[in-house]
Structure formats: structure tokens, C-alpha cells
Amino acid sequence: MKKKNAPFPDERQILEFIRENPGRASKREITRAFQIKGEDKIKLKKMLRKMTLDGNLEKPHKSRLHVSGDLPPVLVIEIDGIDRFGDLTAKPQNWDHPNDPPKILMFAHDKRNKLSIGDKALVRLTANQDKGEVGYVAKVIRKLEEKSSQVMGVFHSDDEHIAFVNPTDKKDRNKYLIAKSDWNGAKDGTLVLISMKSARRKSRHAKAQPAKVLKCFGSVNDPKSISLIAIVSQGIATEFPDDVVSEAEKSVIPKLGKRVDLRKTPLITVDPSDARDHDDAIWAEMDTDPKNPGGCHIIVAIADVAHYVPPASALDKEAIKRGNSTYFPDRVVPMLPESLSNGLCSLHEGEDRYTMAVHIWFDSRGKKLRHKFVRAMMNSHASLSYEEFQNAQDGKPSKRAAPLMKCVISPLYQAFDILTKGRNHREPLELNVPEKKIILNDKGEVSSIQNRVSLPAHKLVEEFMIQANVAAAEELERKQTPCLYRIHEQPSYDKLETLRQFMESLDYRFAKGQVIKPKIFNNLMSNVVGTAHENVIGTIVLRTQMQAKYSPDNHGHFGLSLTKYAHFTSPIRRYADVLVHRGLIKALKLGDDGLSKYDAETLFETAEHISTTERNSMIAERNSTERYIAHYMSTKIDEEFEGKINGVVRAGLFITLTETGGEGFVPVSSLIGDYFHHDKDHQLLKGEHSGITFQLGDSVTVKLREANPISGGLIFQVIDEKLMARKPRKSSGKNSRRPRNRKRK
């Protein structure tokens with residue numbers, strides 16, 4: 001008998017549902033809860049928009065909704081008192097409503113609430129069950145420090161008593177004054193960490209902020225200083241506490257015990273040639289089951305970090321604090337001590353190692369049939385680089401790879417061909433984002449900057465890892481075990497509308513209201529290949545995408561075109577993977593070191609925290625790369641380079657160099673042949689008299705004018721013959737950029 005559709009909800013029912021599901025209420029969840037289908041989805045969209053315009057709903061967190069006047073599930077609070085029971089009371093940091101905010105309570109017995117009056121914290125709220133004065137109970141995600149008064153910079157002494165520090169952050173245009181008594185051993189050219197001081201009296205250096213040196217890091221000319229600046233600036237810990245190191249060093253060599261023995265299965269690792277830790281190993285065969293002709297069976301074996309990092313241990317607390325490893329051209333700041341990250345947790349060739357392995361079977365079309373997780377012991381039969389692995393498949397095997405051709409390498413590529421069919425069917429987002437690799441010499445200096453070459457070997461390993469991650473998410477969901485998903489939500493309405501309007505300005509059609517899938521962007525990009533607008537549209541499409549993050553709520557992975565996805569394959573360098581491993585151990589009863597009750601209860605807070613540490617690492621890695629490139633470019637002043645415009649603002653153009661990937665700025669003041677208007681809608685600067693345009697994605701030739709290795713800043717001048725041939729002219733428009741006023745004589 002056909003099930004009747006549920007009645008369409010009214011506004012009262014929607015408000016009730018949102019209140020009962022704080023932090024999880026989105027249009028998607030409402031659709032599921034009330035079984036809304038077909039044209040009713042459009043009706044729901046209009047109703048939610050009306051409720052928002054009427055002031056009944058708010059949407060502070062992207063797709064999530066909450067009732068107007070209620071507090072969002074996650075917000076920043078400030079501790080404002082202590083009640084008669086010794087519990088802390090708090091208020092929202094920002095409250096724009098005319099009425100007094102609901103009261104927030106933080107229980108004194110909660111060990112995470114190590115806060116004092118005046119402190120600020122990011123918290124997770126739940127409605128208070130008591131019908132008293134207090135409206136919410138808060139659990140701390142993380143304490144928020146006040147804006148740091150500490151600055152990284154280079155110490156310069158002008159005379160025997162006065163010195164200045166120039167900040168390493170290119171956005172900080174201040175100059176800091178250091179009195180002789182506050183030098184703390186710093187010398188000219190020393191990289192230092194300083195702290196602000198309050199100015200007590202005026203001096204001849206009135207424009208300089210007084211400060212004192214807290215710590216010296218050696219000469220700024222030391223190549224190691226480049227990554228050190230990023231590490232200190234982002235607050236990334238480099239040293240492990242003694243108890244963490246001691247705990248790691250007590251780990252013992254693995255014994256088989258009750259584990260599945262995979263040592264005779266010729267699993268291999270495939271990694272970059274300079275990799276020090278090996279998280280994952282792979283193996284494949286054609287399926288021998290006659291019921292699955294043309295199908296394959298693969299094994300993805302992952303380092304069993306959960307065995308060595310038990311919940312609530314010193315290792316666990318330090319790992320969650322760091323969140324992930326951070327990678328620089330000259331070093332790695334690991335999440336785990338080296339005795340584990342490069343020792344017992346790393347799947348080294350010829351050594352027995354504990355592993356969490358997943359068997360996965362696919363049919364001939366690349367559709368997954370089933371999977372099975374086991375806790376096992378393995379012994380890597382070879383640690384190959386991507387290049388060595390690919391060369392073997394291309395008919396040029398090394399001595400180490402040659403014996404593995406028939407039993408390992410060829411079957412892996414056969415399986416990859418099958419998995420590729422499944423990948424092509426789901427049509428994930430395909431954006432070509434070029435990557436650069438910085439090559440250092442023995443002195444730690446940049447010897448060259450090369451393009452990262454994408455080989456079929458890279459895609460093979462990537463697809464194997466994706467399938468293992470999918471299997472992990474599916475298994476935890478099937479077992480109804482808490483899971484830390486890796487989510488990538490579809491682009492927001494505002495971003496899509498910006499893209500649509502921009503496409504229309506270039507006479508391309510991007511239909512409004514269509515169901516957004518990755519293949520829409522793929523088709524869009526394929527339609528503009530080889531056109532004058534290929535670069536600019538590619539840049540805009542990339543910027544339309546949302547940032548991936550971690551969440552205990554499954555919102556799917558838009559970019560990979562997957563409904564379920566979790567990180568399982570890199571537990572040495574990502575804490576999220578450790579939690580997924582623990583979840584599988586608990587769900588499948590594979591040991592007593594599975595997901596703890598505390599892990600499960602704080603999954604939301606952990607997701608917020610490690611998403612933040614991931615972003616911090618990305619910023620540190622990017623800033624370090626910028627400084628390395630600027631250091632490399634500092635010997636090439638006045639040389640010309642080819643590049644592309646990757647940003648357009650009123651003040652000028654952002655340029656990415658084609659050869660090195662270096663990013664710099666062209667000030668609008670350097671475009672001396674004309675006066676340029678900024679057209680925000682079309683992402684361009686247009687000359688008032690010449691009509692010359694510089695648009696996002698355009699190829700340009702630039703001359704390097706400045707390169708600052710300390711801040712990573714590059715300043716260019718555009719080389720345009722038509723523009724340079726023109727004499728400077730005054731603007732006729734009142735909004736145009738005018739020449740600077742000269743001093744009156």
C-alpha cells in the first residue's frame with residue numbers, strides 16, 4: 001500500500017522543530033522531517049524566506065536556522081558573574097535585540113569551564129531543562145584569547161639606546177619602539193617576539209608603539225627563520241611536553257595476538273619521495289567470485305594509531321590540541337611525537353605494523369558491493385615513491401619494483417580502471433588548481449620552484465583512499481555510532497547568485513534555480529576551455545565553493561559528489577581520523593580502546609576545534625610558502641615575468657606568477673598612463689581615457705619592483721606598451737583616482 005505524504009507543515013510546526021533540534025535545523029533537515037517532496041520544496045523555500053523577512057527566523061550559521069530571539073547553538077559568550085551555587089553565568093558577546101538576552105549558565109563541576117569573570121569563550125549551548133531564570137547551559141569549545149599583544153618582527157638598532165622592530169606580517173604597517181632596557185639580548189637583524197607596552201610619555205618617536213622583546217630566535221637571515229615566522233605567528237606548538245614524549249617512547253613492538261595476519265599479503269605504500277611517515281598501504285586483485293565477473297577486491301590498510309593513542313592519555317590530549325600535523329618546505333611539525341609518527345605508527349617497508357584494514361569489493365562498473373573492516377598486522381612489501389610506482393606501470397620498473405609487477409602493481413592499476421568508472425559516474429568536481437613545490441638546497445635555501453606533476457599514480461592512491469573513507473562513514477552510520485564527518489556543503493545562494501550575474505556579464509548563461517551538482521560546474525568549465533574567459537571563470541568558480549570542515553552532522557561532500565564521507569586514512573597527521581578509527585573499533589567490537597563516552601559527547605566541540613587548527617595550519621603553510629618565494633625572487637628585481645590577475649580591487653591588481661606561483665600586488669598608482677575605474681561587478685579596472693582593461697583571469701607581463709622575504713610581499717608593475725606609451729592625463733570623473741596633492745611652495 002502506498003504511503004500517504006505527510007501534511008505540509010505550518011509556521012508553528014517549523015518553529016517547534018527548529019527549537020527541538022538546535023544547531024541541526026536546516027532546510028534539508030526540515031525537508032526530511034516533514035517528508036517534503038517535489039514542488040513542495042519550492043513552497044518550503046518561500047515560507048522559510050518569508051519567516052526570515054518577518055523576523056521569526058535567523059540564519060547566522062550558513063544553512064542552519066534558529067528561532068529569532070533564541071540564541072544560536074554555537075556562539076561567543078563573556079563570563080559576567082558567579083551565582084550562589086558557585087556556577088558561572090555568562091552573556092552573549094554580541095546582542096542586537098532590544099530585550100535582555102537569555103541567561104547562560106556554566107556548571108562549576110564541568111572541568112572544561114576553567115574560566116574567570118571577563119573571559120570570553122566559544123561555547124555550545126543547550127536549552128536548560130529547569131524553568132527557572134537561566135535559559136541555557138553552555139559547554140566550552142575553546143577559550144578565546146584577547147587579541148594578542150605579541151608581534152613577530154625583525155630587530156633593528158639605530159643607536160646604543162634606541163631600537164625598532166619591523167613586523168613580519170605584511171598587513172601590519174606599524175613600527176615598534178624598543179628601549180635599551182627591553183632589548184633582552186637582541187641584536188641588529190635578530191628575529192624577535194615582542195609585547196606591547198603602554199605609552200607613558202611622548203617622545204621624538206611618537207608614531208612608534210613602545211614594546212619589549214620577549215624572545216629572540218636568531219638571525220633573520222637563517223633559512224630556518226622563514227618557516228619559524230609562520231610557526232610562531234600562528235601559535236603552532238613545536239615541542240612536546242615531557243609526559244607526552246615519555247608515553248610515546250613506552251610503546252612496544254607489535255605482536256600478532258588476536259589480529260588478522262596480513263603479513264603475507266603484498267601490501268605496499270606509495271608516497272612522495274621525501275615522505276617520512278607512511279599512513280596507508282594498498283593491494284588489489286581481480287575478484288575471484290564467479291558472481292562478480294570483471295569486478296575487483298582491494299585492501300586499504302591504515303596505521304592503527306588508536307592502539308598507541310588511548311582516549312584521555314597525555315598523547316591524546318596533545319594530539320587533539322594540535323589537531324593535525326603542519327607541513328613546511330624545510331620541516332614538519334607533527335601531531336604525534338617522532339617515535340610514533342616516524343616509528344611504530346609508520347608502515348615502514350619490511351617491518352611488522354598494527355593496522356586497521358578495510359576490504360572493499362566492486363563490480364565491473366566500479367560500483368561498491370560491500371566492505372569489511374578488520375584489525376590486523378601487516379608488513380609492507382615495498383615503500384615506493386609515486387614516480388617509481390608510475391614508471392613501473394609505464395614499463396620502466398626499478399629493481400625494487402620489478403618483482404612486484406604481476407602480483408601487485410598491475411592489479412592495482414586494473415582495479416583503478418574499474419574504480420575510475422564509478423568516479424566518472426558520480427562526476428565529482430574537477431577543478432584544475434596548479435600547485436608549486438619548493439626545492440631547497442643543503443643550506444635550506446630555495447634552489448628552484450617546480451610545478452607539482454599530477455600522475456595517474458596520484459589519482460590511483462587518491463581514489464583508493466576516497467573509497468576507504470566512504471566505507472568508514474557508511475559503516476559508522478550503519479552501526480548508529482557517532483561519526484566525525486568530513487563535510488563540504490554546496491555553494492551558498494549568495495555565491496551562486498554572484499556567479500550567475502558575473503556569467504551574464506560575459507554573455508554566458510547560468511540558469512537560476514537549478515539543482516546544483518558538481519557536474520554543472522564541470523560542464524561550465526568545459527564550455528569555456530580555450531576561450532578568452534577560461535581563466536576568469538575558473539577563478540570565480542573556485543571561489544564559489546565552500547570550505548570543507550568537520551562535523552558530527554552529515555551534510556555530504558559536494559566536491560566529491562558523495563552523500564557520506566569521513567576521514568579515515570591519515571591518523572598519523574589528523575586527529576579526525578583517530579576518532580573515526582575509535583568509532584569503528586567500538587561499533588565493530590574490535591577492542592576496548594574504541595570511542596569513549598567523553599569523545600562522543602564532545603564530538604561537536606572537537607569538530608569546531610580541529611577545523612580551526614586545520615585552518616591555522618593552512619595559513620601558516622601558505623605564509624611560509626609566500627616568504628620562501630619572496631626570498632627566491634629577491635635576487636630578480638627589475639626582471640619581467642608572465643602572470644595572471646587573481647584579484648581586482650580599487651587599490652590595484654593581485655598577480656600570480658605563472659612560473660613560480662608567487663603572488664604579489666600592482667598598485668593602481670603605478671598604472672601611470674591613465675586613470676582607472678574599478679568595476680566590481682565585472683571584476684576589472686578600466687582606463688578612463690584609453691579604455692584599457694585589466695580583468696580577473698587576464699594574462700599580463702609584470703616587472704618585479706620589490707620583494708620582501710620577511711613579510712613575503714611582492715610588488716609588481718604591469719608592462720603594457722599601449723599604457724606606457726600614453727602620457728598621464730587628469731581624470732574628468734569625480735570618482736576617479738586623482739594624482740596626489742603636491743606640497744605648496
# chains A, B, ... in the order shown; residues from 1 in each chain; ligands from 1
call {"tool": "residues_around", "arguments": {"residues": "A:Leu542", "least_positions_apart": "3", "cutoff": "10 Å", "atoms": "only C-alpha atoms", "output": "NGL selection string"}}
result
:A and (431-433 or 521 or 537-539 or 545-546)
call {"tool": "select_by_dssp", "arguments": {"residues": "stretch 369-550 of chain A", "states": "helix (DSSP H, G or I)", "output": "VMD selection string"}}
result
chain A and resid 386 to 393 402 to 426 456 to 478 493 to 505 518 to 527 534 to 544
call {"tool": "closest_atom_pairs", "arguments": {"of": "stretch 302-342 of chain A", "to": "stretch 371-382 of chain A", "cutoff": "12 Å", "atoms": "only C-alpha atoms", "output": "JSON lines"}}
result
{"residue": "A:Ile302", "atom": "CA", "partner": "A:Arg375", "partner_atom": "CA", "distance": 9.7}
{"residue": "A:Ala303", "atom": "CA", "partner": "A:Met378", "partner_atom": "CA", "distance": 9.6}
{"residue": "A:Asp304", "atom": "CA", "partner": "A:Arg375", "partner_atom": "CA", "distance": 8.1}
{"residue": "A:Val305", "atom": "CA", "partner": "A:Arg375", "partner_atom": "CA", "distance": 11.5}
{"residue": "A:Ala306", "atom": "CA", "partner": "A:Arg375", "partner_atom": "CA", "distance": 11.0}
{"residue": "A:His307", "atom": "CA", "partner": "A:Arg375", "partner_atom": "CA", "distance": 10.2}
call {"tool": "select_by_dssp", "arguments": {"residues": "stretch 355-485 of chain A", "states": "strand (DSSP E or B)", "output": "compact mmCIF listing (two decimals) with all heavy atoms, in the first residue's frame"}}
result
# COMPACT_ATOMS: atom_id res chain seq x y z
N THR A 355 47.58 -2.43 12.04
CA THR A 355 46.82 -1.69 11.04
C THR A 355 45.33 -1.90 11.23
O THR A 355 44.89 -2.92 11.78
CB THR A 355 47.23 -2.13 9.62
OG1 THR A 355 46.51 -1.38 8.65
CG2 THR A 355 46.90 -3.60 9.39
N MET A 356 44.56 -0.91 10.81
CA MET A 356 43.12 -1.04 10.65
C MET A 356 42.89 -1.14 9.15
O MET A 356 43.19 -0.20 8.41
CB MET A 356 42.39 0.18 11.21
CG MET A 356 40.89 0.15 10.98
SD MET A 356 39.99 -0.96 12.08
CE MET A 356 39.98 0.02 13.57
N ALA A 357 42.43 -2.29 8.68
CA ALA A 357 42.33 -2.53 7.24
C ALA A 357 40.88 -2.70 6.82
O ALA A 357 40.04 -3.20 7.59
CB ALA A 357 43.13 -3.76 6.86
N VAL A 358 40.60 -2.29 5.59
CA VAL A 358 39.26 -2.47 5.04
C VAL A 358 39.36 -3.18 3.69
O VAL A 358 40.13 -2.79 2.82
CB VAL A 358 38.51 -1.12 4.91
CG1 VAL A 358 39.28 -0.12 4.04
CG2 VAL A 358 37.10 -1.34 4.36
N HIS A 359 38.61 -4.28 3.57
CA HIS A 359 38.45 -4.98 2.29
C HIS A 359 37.24 -4.36 1.60
O HIS A 359 36.18 -4.19 2.22
CB HIS A 359 38.17 -6.47 2.51
CG HIS A 359 39.28 -7.22 3.18
ND1 HIS A 359 40.13 -8.04 2.49
CD2 HIS A 359 39.67 -7.27 4.48
CE1 HIS A 359 40.99 -8.59 3.33
NE2 HIS A 359 40.74 -8.14 4.56
N ILE A 360 37.35 -4.04 0.31
CA ILE A 360 36.22 -3.48 -0.43
C ILE A 360 36.11 -4.22 -1.77
O ILE A 360 37.12 -4.43 -2.46
CB ILE A 360 36.38 -1.97 -0.69
CG1 ILE A 360 36.84 -1.22 0.57
CG2 ILE A 360 35.05 -1.38 -1.18
CD1 ILE A 360 37.06 0.26 0.38
N TRP A 361 34.89 -4.58 -2.12
CA TRP A 361 34.63 -5.26 -3.39
C TRP A 361 33.81 -4.36 -4.31
O TRP A 361 32.85 -3.70 -3.85
CB TRP A 361 33.87 -6.56 -3.14
CG TRP A 361 34.70 -7.63 -2.50
CD1 TRP A 361 35.39 -8.64 -3.12
CD2 TRP A 361 34.93 -7.83 -1.09
NE1 TRP A 361 36.03 -9.44 -2.21
CE2 TRP A 361 35.77 -8.96 -0.95
CE3 TRP A 361 34.52 -7.15 0.06
CZ2 TRP A 361 36.19 -9.43 0.29
CZ3 TRP A 361 34.94 -7.61 1.29
CH2 TRP A 361 35.77 -8.74 1.40
N PHE A 362 34.17 -4.33 -5.59
CA PHE A 362 33.48 -3.52 -6.60
C PHE A 362 33.06 -4.41 -7.77
O PHE A 362 33.76 -5.39 -8.10
CB PHE A 362 34.39 -2.41 -7.13
CG PHE A 362 34.85 -1.45 -6.08
CD1 PHE A 362 36.01 -1.71 -5.33
CD2 PHE A 362 34.16 -0.27 -5.83
CE1 PHE A 362 36.44 -0.82 -4.35
CE2 PHE A 362 34.58 0.62 -4.86
CZ PHE A 362 35.73 0.34 -4.12
N LYS A 368 30.47 0.00 -5.64
CA LYS A 368 30.86 -0.75 -4.45
C LYS A 368 29.78 -1.74 -4.07
O LYS A 368 28.60 -1.40 -3.97
CB LYS A 368 31.13 0.19 -3.27
CG LYS A 368 31.68 -0.51 -2.03
CD LYS A 368 32.25 0.46 -1.04
CE LYS A 368 31.18 1.10 -0.20
NZ LYS A 368 30.61 0.13 0.78
N LEU A 369 30.18 -2.98 -3.83
CA LEU A 369 29.24 -4.04 -3.46
C LEU A 369 29.17 -4.23 -1.95
O LEU A 369 28.10 -4.34 -1.37
CB LEU A 369 29.65 -5.36 -4.13
CG LEU A 369 29.70 -5.36 -5.66
CD1 LEU A 369 30.21 -6.70 -6.18
CD2 LEU A 369 28.32 -5.05 -6.23
N ARG A 370 30.33 -4.27 -1.32
CA ARG A 370 30.37 -4.48 0.13
C ARG A 370 31.77 -4.14 0.64
O ARG A 370 32.70 -3.93 -0.13
CB ARG A 370 30.03 -5.93 0.49
CG ARG A 370 31.01 -6.97 -0.02
CD ARG A 370 30.49 -8.38 0.23
NE ARG A 370 31.48 -9.40 -0.11
CZ ARG A 370 31.72 -9.83 -1.34
NH1 ARG A 370 31.04 -9.31 -2.38
NH2 ARG A 370 32.62 -10.77 -1.57
N HIS A 371 31.88 -4.09 1.97
CA HIS A 371 33.20 -3.87 2.59
C HIS A 371 33.26 -4.60 3.92
O HIS A 371 32.23 -5.01 4.48
CB HIS A 371 33.46 -2.37 2.78
CG HIS A 371 32.49 -1.70 3.72
ND1 HIS A 371 31.51 -0.84 3.29
CD2 HIS A 371 32.35 -1.77 5.08
CE1 HIS A 371 30.81 -0.40 4.32
NE2 HIS A 371 31.30 -0.96 5.42
N LYS A 372 34.47 -4.73 4.42
CA LYS A 372 34.68 -5.42 5.70
C LYS A 372 35.92 -4.83 6.37
O LYS A 372 37.00 -4.78 5.79
CB LYS A 372 34.88 -6.92 5.48
CG LYS A 372 35.16 -7.70 6.76
CD LYS A 372 35.45 -9.17 6.45
CE LYS A 372 35.80 -9.94 7.72
NZ LYS A 372 36.14 -11.36 7.42
N PHE A 373 35.76 -4.37 7.64
CA PHE A 373 36.88 -3.82 8.41
C PHE A 373 37.47 -4.89 9.33
O PHE A 373 36.72 -5.67 9.94
CB PHE A 373 36.41 -2.63 9.25
CG PHE A 373 36.20 -1.37 8.46
CD1 PHE A 373 34.95 -1.09 7.92
CD2 PHE A 373 37.23 -0.48 8.26
CE1 PHE A 373 34.74 0.06 7.19
CE2 PHE A 373 37.04 0.69 7.53
CZ PHE A 373 35.80 0.96 6.99
N VAL A 374 38.78 -4.90 9.44
CA VAL A 374 39.47 -5.81 10.36
C VAL A 374 40.63 -5.07 11.02
O VAL A 374 41.18 -4.13 10.45
CB VAL A 374 40.02 -7.07 9.65
CG1 VAL A 374 38.91 -7.91 9.08
CG2 VAL A 374 41.03 -6.69 8.56
N ARG A 375 40.96 -5.51 12.22
CA ARG A 375 42.18 -5.04 12.87
C ARG A 375 43.24 -6.11 12.60
O ARG A 375 43.03 -7.28 12.91
CB ARG A 375 41.96 -4.87 14.37
CG ARG A 375 41.91 -3.41 14.77
CD ARG A 375 41.74 -3.22 16.23
NE ARG A 375 42.43 -2.04 16.69
CZ ARG A 375 42.36 -1.55 17.90
NH1 ARG A 375 41.63 -2.18 18.81
NH2 ARG A 375 43.02 -0.47 18.24
N ALA A 376 44.37 -5.70 12.04
CA ALA A 376 45.30 -6.69 11.52
C ALA A 376 46.75 -6.31 11.81
O ALA A 376 47.04 -5.24 12.38
CB ALA A 376 45.09 -6.86 10.01
N MET A 377 47.64 -7.21 11.40
CA MET A 377 49.07 -6.91 11.38
C MET A 377 49.54 -7.08 9.93
O MET A 377 49.15 -8.03 9.25
CB MET A 377 49.87 -7.83 12.29
CG MET A 377 51.37 -7.55 12.27
SD MET A 377 52.33 -8.67 13.32
CE MET A 377 52.00 -7.94 14.90
N MET A 378 50.34 -6.14 9.45
CA MET A 378 50.84 -6.19 8.09
C MET A 378 52.35 -5.98 8.08
O MET A 378 52.96 -5.59 9.08
CB MET A 378 50.18 -5.12 7.22
CG MET A 378 50.46 -3.69 7.65
SD MET A 378 50.16 -2.47 6.35
CE MET A 378 51.61 -2.72 5.32
N ASN A 379 52.93 -6.25 6.93
CA ASN A 379 54.36 -5.99 6.72
C ASN A 379 54.49 -5.47 5.29
O ASN A 379 54.26 -6.20 4.33
CB ASN A 379 55.18 -7.27 6.92
CG ASN A 379 56.67 -7.00 6.95
OD1 ASN A 379 57.23 -6.49 5.98
ND2 ASN A 379 57.31 -7.35 8.06
N SER A 380 54.82 -4.20 5.17
CA SER A 380 54.90 -3.58 3.84
C SER A 380 55.96 -4.26 2.99
O SER A 380 57.11 -4.41 3.40
CB SER A 380 55.23 -2.08 3.97
OG SER A 380 55.43 -1.51 2.71
N SER A 383 58.13 0.25 -0.10
CA SER A 383 57.75 1.66 0.04
C SER A 383 58.20 2.37 -1.23
O SER A 383 59.38 2.68 -1.40
CB SER A 383 58.42 2.28 1.27
OG SER A 383 57.89 1.74 2.46
N LEU A 384 57.26 2.60 -2.13
CA LEU A 384 57.58 3.19 -3.42
C LEU A 384 57.18 4.66 -3.45
O LEU A 384 56.20 5.07 -2.82
CB LEU A 384 56.84 2.46 -4.54
CG LEU A 384 57.05 0.94 -4.67
CD1 LEU A 384 56.24 0.40 -5.84
CD2 LEU A 384 58.53 0.61 -4.84
N SER A 385 57.94 5.44 -4.23
CA SER A 385 57.53 6.81 -4.48
C SER A 385 56.50 6.80 -5.61
O SER A 385 56.38 5.83 -6.35
CB SER A 385 58.73 7.67 -4.89
OG SER A 385 59.21 7.27 -6.16
N LYS A 436 52.62 24.33 -6.62
CA LYS A 436 54.06 24.50 -6.75
C LYS A 436 54.78 23.77 -5.63
O LYS A 436 54.28 23.65 -4.52
CB LYS A 436 54.44 25.99 -6.71
CG LYS A 436 53.79 26.84 -7.81
CD LYS A 436 54.34 26.49 -9.17
CE LYS A 436 53.70 27.35 -10.26
NZ LYS A 436 54.22 27.05 -11.59
N LYS A 437 55.97 23.28 -5.94
CA LYS A 437 56.80 22.61 -4.94
C LYS A 437 58.11 23.36 -4.81
O LYS A 437 58.79 23.62 -5.81
CB LYS A 437 57.08 21.16 -5.35
CG LYS A 437 57.89 20.38 -4.32
CD LYS A 437 58.08 18.93 -4.74
CE LYS A 437 58.86 18.16 -3.68
NZ LYS A 437 59.06 16.74 -4.07
N ILE A 438 58.44 23.74 -3.58
CA ILE A 438 59.67 24.48 -3.32
C ILE A 438 60.80 23.50 -3.04
O ILE A 438 60.69 22.66 -2.13
CB ILE A 438 59.48 25.45 -2.14
CG1 ILE A 438 58.45 26.52 -2.52
CG2 ILE A 438 60.79 26.09 -1.74
CD1 ILE A 438 58.06 27.43 -1.39
N ILE A 439 61.87 23.60 -3.82
CA ILE A 439 63.03 22.72 -3.67
C ILE A 439 64.14 23.48 -2.94
O ILE A 439 64.54 24.57 -3.37
CB ILE A 439 63.56 22.24 -5.04
CG1 ILE A 439 62.41 21.64 -5.88
CG2 ILE A 439 64.69 21.23 -4.85
CD1 ILE A 439 61.74 20.46 -5.27
N LEU A 440 64.60 22.91 -1.82
CA LEU A 440 65.65 23.54 -1.02
C LEU A 440 66.98 22.84 -1.25
O LEU A 440 67.04 21.63 -1.48
CB LEU A 440 65.29 23.49 0.47
CG LEU A 440 63.94 24.09 0.88
CD1 LEU A 440 63.75 23.94 2.39
CD2 LEU A 440 63.84 25.54 0.47
N VAL A 446 66.24 28.25 -1.17
CA VAL A 446 65.44 27.84 -2.33
C VAL A 446 66.34 27.70 -3.55
O VAL A 446 67.00 28.66 -3.96
CB VAL A 446 64.33 28.86 -2.62
CG1 VAL A 446 63.50 28.40 -3.82
CG2 VAL A 446 63.43 29.05 -1.41
N SER A 447 66.40 26.50 -4.11
CA SER A 447 67.18 26.29 -5.33
C SER A 447 66.30 26.37 -6.57
O SER A 447 66.75 26.78 -7.63
CB SER A 447 67.88 24.93 -5.28
OG SER A 447 66.94 23.87 -5.18
N SER A 448 65.02 25.99 -6.44
CA SER A 448 64.09 26.09 -7.56
C SER A 448 62.66 25.96 -7.06
O SER A 448 62.42 25.49 -5.94
CB SER A 448 64.37 25.01 -8.62
OG SER A 448 64.14 23.72 -8.08
N ILE A 449 61.73 26.38 -7.90
CA ILE A 449 60.30 26.23 -7.62
C ILE A 449 59.71 25.52 -8.82
O ILE A 449 59.76 26.02 -9.94
CB ILE A 449 59.63 27.59 -7.39
CG1 ILE A 449 60.27 28.29 -6.20
CG2 ILE A 449 58.13 27.41 -7.16
CD1 ILE A 449 59.81 29.71 -6.00
N GLN A 450 59.14 24.34 -8.58
CA GLN A 450 58.69 23.48 -9.68
C GLN A 450 57.19 23.25 -9.61
O GLN A 450 56.57 23.36 -8.55
CB GLN A 450 59.43 22.14 -9.63
CG GLN A 450 60.93 22.24 -9.70
CD GLN A 450 61.62 20.89 -9.52
OE1 GLN A 450 60.96 19.86 -9.33
NE2 GLN A 450 62.94 20.88 -9.56
N ASN A 451 56.61 22.93 -10.77
CA ASN A 451 55.21 22.52 -10.81
C ASN A 451 55.07 21.11 -10.25
O ASN A 451 55.89 20.24 -10.54
CB ASN A 451 54.70 22.53 -12.25
CG ASN A 451 54.53 23.93 -12.80
OD1 ASN A 451 54.03 24.81 -12.12
ND2 ASN A 451 54.96 24.14 -14.03
N TYR A 485 32.18 13.48 10.50
CA TYR A 485 32.16 13.53 9.04
C TYR A 485 33.06 14.64 8.51
O TYR A 485 33.28 15.66 9.18
CB TYR A 485 30.73 13.78 8.53
CG TYR A 485 29.75 12.68 8.83
CD1 TYR A 485 28.94 12.72 9.96
CD2 TYR A 485 29.63 11.59 7.97
CE1 TYR A 485 28.03 11.72 10.24
CE2 TYR A 485 28.71 10.57 8.24
CZ TYR A 485 27.92 10.65 9.37
OH TYR A 485 27.02 9.65 9.65
call {"tool": "closest_residue", "arguments": {"among": "A:Asp681, A:Ala108, A:Leu595, A:Arg365", "to": "A:Arg426", "atoms": "only C-alpha atoms"}}
result
A:Arg365
